[in-house]
Amino acid sequence: MNGNVTDLARDIARCGRCGKCRSVCPVFRELLDEPMVARGKVQLYKAVLKGHLEYTEHYRRIISHCLLCRQCESHCPNGVPTASLVLAAREQAVEKLSLPLIKKNVLQHFLTSSGRLNLVAKGLAFYQKSGLQGLLRKTKLLRGDLQEKEALLPTIAPLPLRSALPRQIMPTGEPRMKVGYFTGCMSNHVFTDTGKNVVALLRAAGCEVIIPRQCCCGLPALAGGDRGSFMAMARKNLAGFLPTGIDALVVDCASCGSAWKYDYAAAGLKPPFPVYDISEFLTTQANFRAGGLKTPARVTYHDPCHLIRYQGITAQPRELLQGVAGLELVEMSDAGYCCGASGSFQLEHRKIARSIGQKKGEAIVAAGAGVIATGCPSCRLQIQRVLGEIGSTARVVHPADLLAESMLQG
Ligand code: SF4
Ligand code: SF4
């Protein structure tokens, strides 16, 4: 377990039960139920640790109702690290109750192996492209829970990004730096164009780009309480990048970046090279100059929780977008408010995730933007979905997509 019992007891004791977290917790706002807010979860965990409450499936379900968004933490006067406490509580619950079978298989057999995940992705891409998906949806064989989960499946790329690109890519000009690119599962299997755009931006910034063997960052396992799988994935990724001699690692997913920067280090696996989100890299490490858009665009930016509250990154993507000629950046209200996606949360708690997402969708529509940029693929999918439901035709992209487009247009 990450964090010893004394540290956990100290963190729990910090909660003065003031209830300030109630005003900002997206889950509490939906359910208005005390165990769902930081204060309630902290007190529940305390009772379990003291042996006053049993580990039960009901308890596990309560602690699964957390987006790990850290909005409670940024409003907590006593600095209670709720997200870390929830992770520790989930981990202990897995030790006592073990993992549900499907989750166990996904985490331990597919996310730990890029080869096995490639096979699954290939099967899913075939299912979508061959017309099987449309056929199955028409037959109404899929019902209830399965139907709702299937509807959340993103479009899978026919060829993974890492299979389409060479392991070593040279810069367009004089080499300045050798960087590793951690693609994450989403740029590898879903948003492959974004991955290609990230590589193009790095090359234009004078970087030799290295893309060695890698697997999922491990955050889904950590968030699910499976520390063993998280450690296995972290070790695999480090083993892939360590021999490459890179000067820095670049990541284009908010959650993967947060795992590499903080969770690996907290687990005693600190990488020996600096890790940057792409927006951070381009603003601080590279002499990057954007071009202009062919068609002027009004763009709004959504701050992913894993960038704004985990990595403190909020100015950098805006600075880059503002540097694009023909791009007007407009702010939506509360751009840092969680969109409700949070990885598997949107699968486990679909109604709550959808309702939180609708509020984000309304804020986006009110901003009057035709394009929404965000640096997290999970947020991107959630925002695409809610905008589709509202009937909005706005485009949802990664900031790197707009920057690459501006370079093409010059
Ligand atoms: S804001 Fe912090 S101290 Fe106050 S109840 Fe919530 S977790 Fe406890
Ligand atoms: S991390 Fe987010 S969802 Fe979890 S208790 Fe805090 S505010 Fe609520």
# chains A, B, ... in the order shown; residues from 1 in each chain; ligands from 1
>>> residues_near_ligand(ligand="ligand 1", cutoff="9 Å", atoms="only C-alpha atoms and all ligand atoms", output="PyMOL selection string")
chain A and resi 12-22+37-43+72-82
>>> write_last_selection(atoms="C-alpha atoms", output="tab-separated table (two decimals), in the first residue's frame")
chain	number	residue	atom	x	y	z
A	12	ILE	CA	-7.62	11.67	7.99
A	13	ALA	CA	-7.26	13.63	11.26
A	14	ARG	CA	-6.75	16.84	9.26
A	15	CYS	CA	-10.43	16.87	8.29
A	16	GLY	CA	-12.19	19.41	10.50
A	17	ARG	CA	-15.59	18.39	9.04
A	18	CYS	CA	-16.26	21.96	7.92
A	19	GLY	CA	-18.16	20.74	4.84
A	20	LYS	CA	-16.54	23.22	2.42
A	21	CYS	CA	-15.93	20.31	0.02
A	22	ARG	CA	-19.70	19.93	-0.39
A	37	VAL	CA	-18.41	13.92	-0.63
A	38	ALA	CA	-14.81	14.15	0.63
A	39	ARG	CA	-15.87	14.64	4.26
A	40	GLY	CA	-18.14	11.58	4.18
A	41	LYS	CA	-15.57	9.37	2.46
A	42	VAL	CA	-12.83	10.39	4.87
A	43	GLN	CA	-15.02	9.58	7.89
A	72	CYS	CA	-12.43	19.24	-2.87
A	73	GLU	CA	-8.69	19.51	-2.17
A	74	SER	CA	-8.35	22.90	-3.81
A	75	HIS	CA	-11.13	24.22	-1.52
A	76	CYS	CA	-10.17	22.37	1.66
A	77	PRO	CA	-8.83	24.74	4.36
A	78	ASN	CA	-6.96	21.88	6.07
A	79	GLY	CA	-5.26	20.35	3.04
A	80	VAL	CA	-6.92	16.94	3.29
A	81	PRO	CA	-5.49	14.83	0.39
A	82	THR	CA	-8.83	13.20	-0.44
>>> residues_around(residues="Ser229 of chain A", least_positions_apart="6", cutoff="9 Å", atoms="only C-alpha atoms", output="PyMOL selection string")
chain A and resi 107-108+111-112+218+221-222
>>> write_last_selection(atoms="C-alpha atoms", output="PDB file, in the first residue's frame")
ATOM      1  CA  LEU A 107      -6.021  -4.546 -15.904  1.00  0.00           C
ATOM      2  CA  GLN A 108      -3.819  -7.595 -15.461  1.00  0.00           C
ATOM      3  CA  LEU A 111      -3.381  -3.128 -20.196  1.00  0.00           C
ATOM      4  CA  THR A 112      -0.078  -4.645 -19.040  1.00  0.00           C
ATOM      5  CA  GLY A 218      -0.908   2.178 -15.205  1.00  0.00           C
ATOM      6  CA  ALA A 221      -4.954   0.148 -12.311  1.00  0.00           C
ATOM      7  CA  LEU A 222      -3.944   2.600  -9.596  1.00  0.00           C
TER       8      LEU A 222
END
>>> residues_near_ligand(ligand="ligand 2", cutoff="7 Å", atoms="only C-alpha atoms and all ligand atoms", output="tab-separated table (two decimals) with C-alpha atoms, in the first residue's frame")
chain	number	residue	atom	x	y	z
A	21	CYS	CA	-15.93	20.31	0.02
A	24	VAL	CA	-17.50	21.89	-5.15
A	25	CYS	CA	-17.68	18.10	-5.35
A	26	PRO	CA	-19.30	17.21	-8.73
A	27	VAL	CA	-20.52	13.83	-7.43
A	28	PHE	CA	-22.04	15.33	-4.28
A	36	MET	CA	-20.27	10.75	-1.62
A	37	VAL	CA	-18.41	13.92	-0.63
A	38	ALA	CA	-14.81	14.15	0.63
A	65	HIS	CA	-18.02	7.34	-6.38
A	66	CYS	CA	-15.04	9.65	-6.72
A	67	LEU	CA	-13.69	11.27	-9.88
A	68	LEU	CA	-10.30	11.88	-8.22
A	69	CYS	CA	-10.76	15.40	-9.59
A	70	ARG	CA	-9.26	17.08	-6.50
A	71	GLN	CA	-11.77	19.93	-6.56
A	72	CYS	CA	-12.43	19.24	-2.87
A	73	GLU	CA	-8.69	19.51	-2.17
A	82	THR	CA	-8.83	13.20	-0.44
A	83	ALA	CA	-7.78	11.71	-3.80
>>> closest_residue(among="A:Asp252, A:Glu331, A:Asp247, A:Glu95", to="Val365 of chain A", atoms="only C-alpha atoms")
A:Glu331
>>> residues_around(residues="Phe273 of chain A", least_positions_apart="5", cutoff="8 Å", atoms="only C-alpha atoms", output="PyMOL selection string")
chain A and resi 246-249
>>> residues_around(residues="segment 308-315 of chain A", least_positions_apart="4", cutoff="7 Å", atoms="only C-alpha atoms", output="list in words")
Arg70, Ser258, Asp303, Pro304, Glu319 and Gly336 of chain A
>>> residues_around(residues="Pro160 of chain A", least_positions_apart="2", cutoff="9 Å", atoms="only C-alpha atoms", output="ChimeraX atom specification")
/A:118,121-122,156-158,162-165,187-190,192
>>> residues_around(residues="Leu87 of chain A", least_positions_apart="2", cutoff="8 Å", atoms="only C-alpha atoms", output="PyMOL selection string")
chain A and resi 83-85+89-91+222-225
>>> residues_around(residues="Met233 of chain A", least_positions_apart="5", cutoff="12 Å", atoms="only C-alpha atoms", output="PDB file with N, CA and C atoms, in the first residue's frame")
ATOM      1  N   LEU A 107      -7.217  -5.172 -16.482  1.00  0.00           N
ATOM      2  CA  LEU A 107      -6.021  -4.546 -15.904  1.00  0.00           C
ATOM      3  C   LEU A 107      -4.799  -5.456 -15.975  1.00  0.00           C
ATOM      4  N   GLN A 108      -4.990  -6.733 -15.622  1.00  0.00           N
ATOM      5  CA  GLN A 108      -3.819  -7.595 -15.461  1.00  0.00           C
ATOM      6  C   GLN A 108      -3.384  -8.278 -16.757  1.00  0.00           C
ATOM      7  N   HIS A 109      -4.299  -8.453 -17.703  1.00  0.00           N
ATOM      8  CA  HIS A 109      -3.906  -9.187 -18.915  1.00  0.00           C
ATOM      9  C   HIS A 109      -3.824  -8.321 -20.165  1.00  0.00           C
ATOM     10  N   PHE A 110      -4.631  -7.263 -20.229  1.00  0.00           N
ATOM     11  CA  PHE A 110      -4.632  -6.484 -21.479  1.00  0.00           C
ATOM     12  C   PHE A 110      -3.858  -5.171 -21.357  1.00  0.00           C
ATOM     13  N   LEU A 111      -4.083  -4.414 -20.280  1.00  0.00           N
ATOM     14  CA  LEU A 111      -3.381  -3.128 -20.196  1.00  0.00           C
ATOM     15  C   LEU A 111      -1.892  -3.311 -19.927  1.00  0.00           C
ATOM     16  N   THR A 112      -1.509  -4.428 -19.318  1.00  0.00           N
ATOM     17  CA  THR A 112      -0.078  -4.645 -19.040  1.00  0.00           C
ATOM     18  C   THR A 112       0.686  -5.092 -20.296  1.00  0.00           C
ATOM     19  N   SER A 113      -0.044  -5.509 -21.335  1.00  0.00           N
ATOM     20  CA  SER A 113       0.638  -6.034 -22.531  1.00  0.00           C
ATOM     21  C   SER A 113       0.168  -5.298 -23.779  1.00  0.00           C
ATOM     22  N   SER A 114       1.085  -4.568 -24.432  1.00  0.00           N
ATOM     23  CA  SER A 114       0.670  -3.827 -25.629  1.00  0.00           C
ATOM     24  C   SER A 114       0.293  -4.799 -26.747  1.00  0.00           C
ATOM     25  N   GLY A 184       0.644   6.769 -24.727  1.00  0.00           N
ATOM     26  CA  GLY A 184      -0.569   6.423 -23.991  1.00  0.00           C
ATOM     27  C   GLY A 184      -1.456   5.544 -24.861  1.00  0.00           C
ATOM     28  N   ARG A 213       9.135   0.496 -27.106  1.00  0.00           N
ATOM     29  CA  ARG A 213       8.047  -0.363 -26.624  1.00  0.00           C
ATOM     30  C   ARG A 213       7.511   0.222 -25.334  1.00  0.00           C
ATOM     31  N   GLN A 214       6.227   0.180 -25.168  1.00  0.00           N
ATOM     32  CA  GLN A 214       5.590   0.746 -23.970  1.00  0.00           C
ATOM     33  C   GLN A 214       4.212   0.129 -23.808  1.00  0.00           C
ATOM     34  N   CYS A 215       3.626   0.340 -22.642  1.00  0.00           N
ATOM     35  CA  CYS A 215       2.250  -0.148 -22.428  1.00  0.00           C
ATOM     36  C   CYS A 215       1.465   0.965 -21.745  1.00  0.00           C
ATOM     37  N   CYS A 216       0.276   0.681 -21.282  1.00  0.00           N
ATOM     38  CA  CYS A 216      -0.556   1.657 -20.557  1.00  0.00           C
ATOM     39  C   CYS A 216       0.262   2.251 -19.401  1.00  0.00           C
ATOM     40  N   CYS A 217       0.016   3.510 -19.055  1.00  0.00           N
ATOM     41  CA  CYS A 217       0.783   4.162 -17.985  1.00  0.00           C
ATOM     42  C   CYS A 217       0.527   3.529 -16.617  1.00  0.00           C
ATOM     43  N   GLY A 218      -0.604   2.849 -16.477  1.00  0.00           N
ATOM     44  CA  GLY A 218      -0.908   2.178 -15.205  1.00  0.00           C
ATOM     45  C   GLY A 218      -1.932   2.907 -14.352  1.00  0.00           C
ATOM     46  N   LEU A 219      -2.280   4.128 -14.747  1.00  0.00           N
ATOM     47  CA  LEU A 219      -3.206   4.899 -13.908  1.00  0.00           C
ATOM     48  C   LEU A 219      -4.576   4.212 -13.729  1.00  0.00           C
ATOM     49  N   PRO A 220      -5.120   3.561 -14.787  1.00  0.00           N
ATOM     50  CA  PRO A 220      -6.398   2.874 -14.559  1.00  0.00           C
ATOM     51  C   PRO A 220      -6.293   1.818 -13.448  1.00  0.00           C
ATOM     52  N   ALA A 221      -5.134   1.160 -13.362  1.00  0.00           N
ATOM     53  CA  ALA A 221      -4.954   0.148 -12.311  1.00  0.00           C
ATOM     54  C   ALA A 221      -4.861   0.808 -10.940  1.00  0.00           C
ATOM     55  N   LEU A 222      -4.095   1.894 -10.874  1.00  0.00           N
ATOM     56  CA  LEU A 222      -3.944   2.600  -9.596  1.00  0.00           C
ATOM     57  C   LEU A 222      -5.294   3.123  -9.118  1.00  0.00           C
ATOM     58  N   ASP A 226      -5.600  -1.563  -7.904  1.00  0.00           N
ATOM     59  CA  ASP A 226      -4.729  -2.694  -8.232  1.00  0.00           C
ATOM     60  C   ASP A 226      -3.275  -2.215  -8.330  1.00  0.00           C
ATOM     61  N   ARG A 227      -2.633  -2.082  -7.181  1.00  0.00           N
ATOM     62  CA  ARG A 227      -1.262  -1.560  -7.158  1.00  0.00           C
ATOM     63  C   ARG A 227      -0.273  -2.484  -7.871  1.00  0.00           C
ATOM     64  N   GLY A 228      -0.497  -3.784  -7.776  1.00  0.00           N
ATOM     65  CA  GLY A 228       0.417  -4.748  -8.417  1.00  0.00           C
ATOM     66  C   GLY A 228       0.497  -4.502  -9.916  1.00  0.00           C
ATOM     67  N   LEU A 238       9.301   2.147 -17.800  1.00  0.00           N
ATOM     68  CA  LEU A 238      10.645   2.640 -17.497  1.00  0.00           C
ATOM     69  C   LEU A 238      11.695   1.807 -18.228  1.00  0.00           C
ATOM     70  N   ALA A 239      11.490   0.492 -18.249  1.00  0.00           N
ATOM     71  CA  ALA A 239      12.454  -0.392 -18.931  1.00  0.00           C
ATOM     72  C   ALA A 239      12.497  -0.092 -20.429  1.00  0.00           C
ATOM     73  N   GLY A 240      11.385   0.373 -20.993  1.00  0.00           N
ATOM     74  CA  GLY A 240      11.360   0.706 -22.419  1.00  0.00           C
ATOM     75  C   GLY A 240      12.129   1.991 -22.715  1.00  0.00           C
ATOM     76  N   CYS A 256      -1.732  10.314 -18.183  1.00  0.00           N
ATOM     77  CA  CYS A 256      -0.438   9.624 -18.310  1.00  0.00           C
ATOM     78  C   CYS A 256       0.682  10.517 -17.758  1.00  0.00           C
ATOM     79  N   ALA A 259       0.733  10.410 -14.061  1.00  0.00           N
ATOM     80  CA  ALA A 259       1.262   9.125 -13.574  1.00  0.00           C
ATOM     81  C   ALA A 259       2.797   9.133 -13.638  1.00  0.00           C
ATOM     82  N   TRP A 260       3.341   9.542 -14.794  1.00  0.00           N
ATOM     83  CA  TRP A 260       4.800   9.558 -14.968  1.00  0.00           C
ATOM     84  C   TRP A 260       5.470  10.517 -13.996  1.00  0.00           C
ATOM     85  N   ASP A 263       3.021   9.664  -9.784  1.00  0.00           N
ATOM     86  CA  ASP A 263       2.686   8.345  -9.229  1.00  0.00           C
ATOM     87  C   ASP A 263       3.875   7.381  -9.324  1.00  0.00           C
ATOM     88  N   TYR A 264       4.647   7.472 -10.412  1.00  0.00           N
ATOM     89  CA  TYR A 264       5.823   6.607 -10.514  1.00  0.00           C
ATOM     90  C   TYR A 264       6.806   6.980  -9.386  1.00  0.00           C
ATOM     91  N   ALA A 267       5.855   5.798  -6.045  1.00  0.00           N
ATOM     92  CA  ALA A 267       5.994   4.348  -5.909  1.00  0.00           C
ATOM     93  C   ALA A 267       7.476   3.932  -5.914  1.00  0.00           C
ATOM     94  N   LEU A 269       9.677   4.793  -8.253  1.00  0.00           N
ATOM     95  CA  LEU A 269      10.141   4.547  -9.629  1.00  0.00           C
ATOM     96  C   LEU A 269      10.308   5.865 -10.386  1.00  0.00           C
TER      97      LEU A 269
END
>>> closest_residue(among="A:Glu389, A:Asp193, A:Asp7, A:Asp401", to="Leu293 of chain A", atoms="only C-alpha atoms")
A:Asp401
>>> closest_residue(among="A:Ala205, A:Ala125, A:Val179, A:Ala265", to="Phe241 of chain A", atoms="only C-alpha atoms")
A:Val179
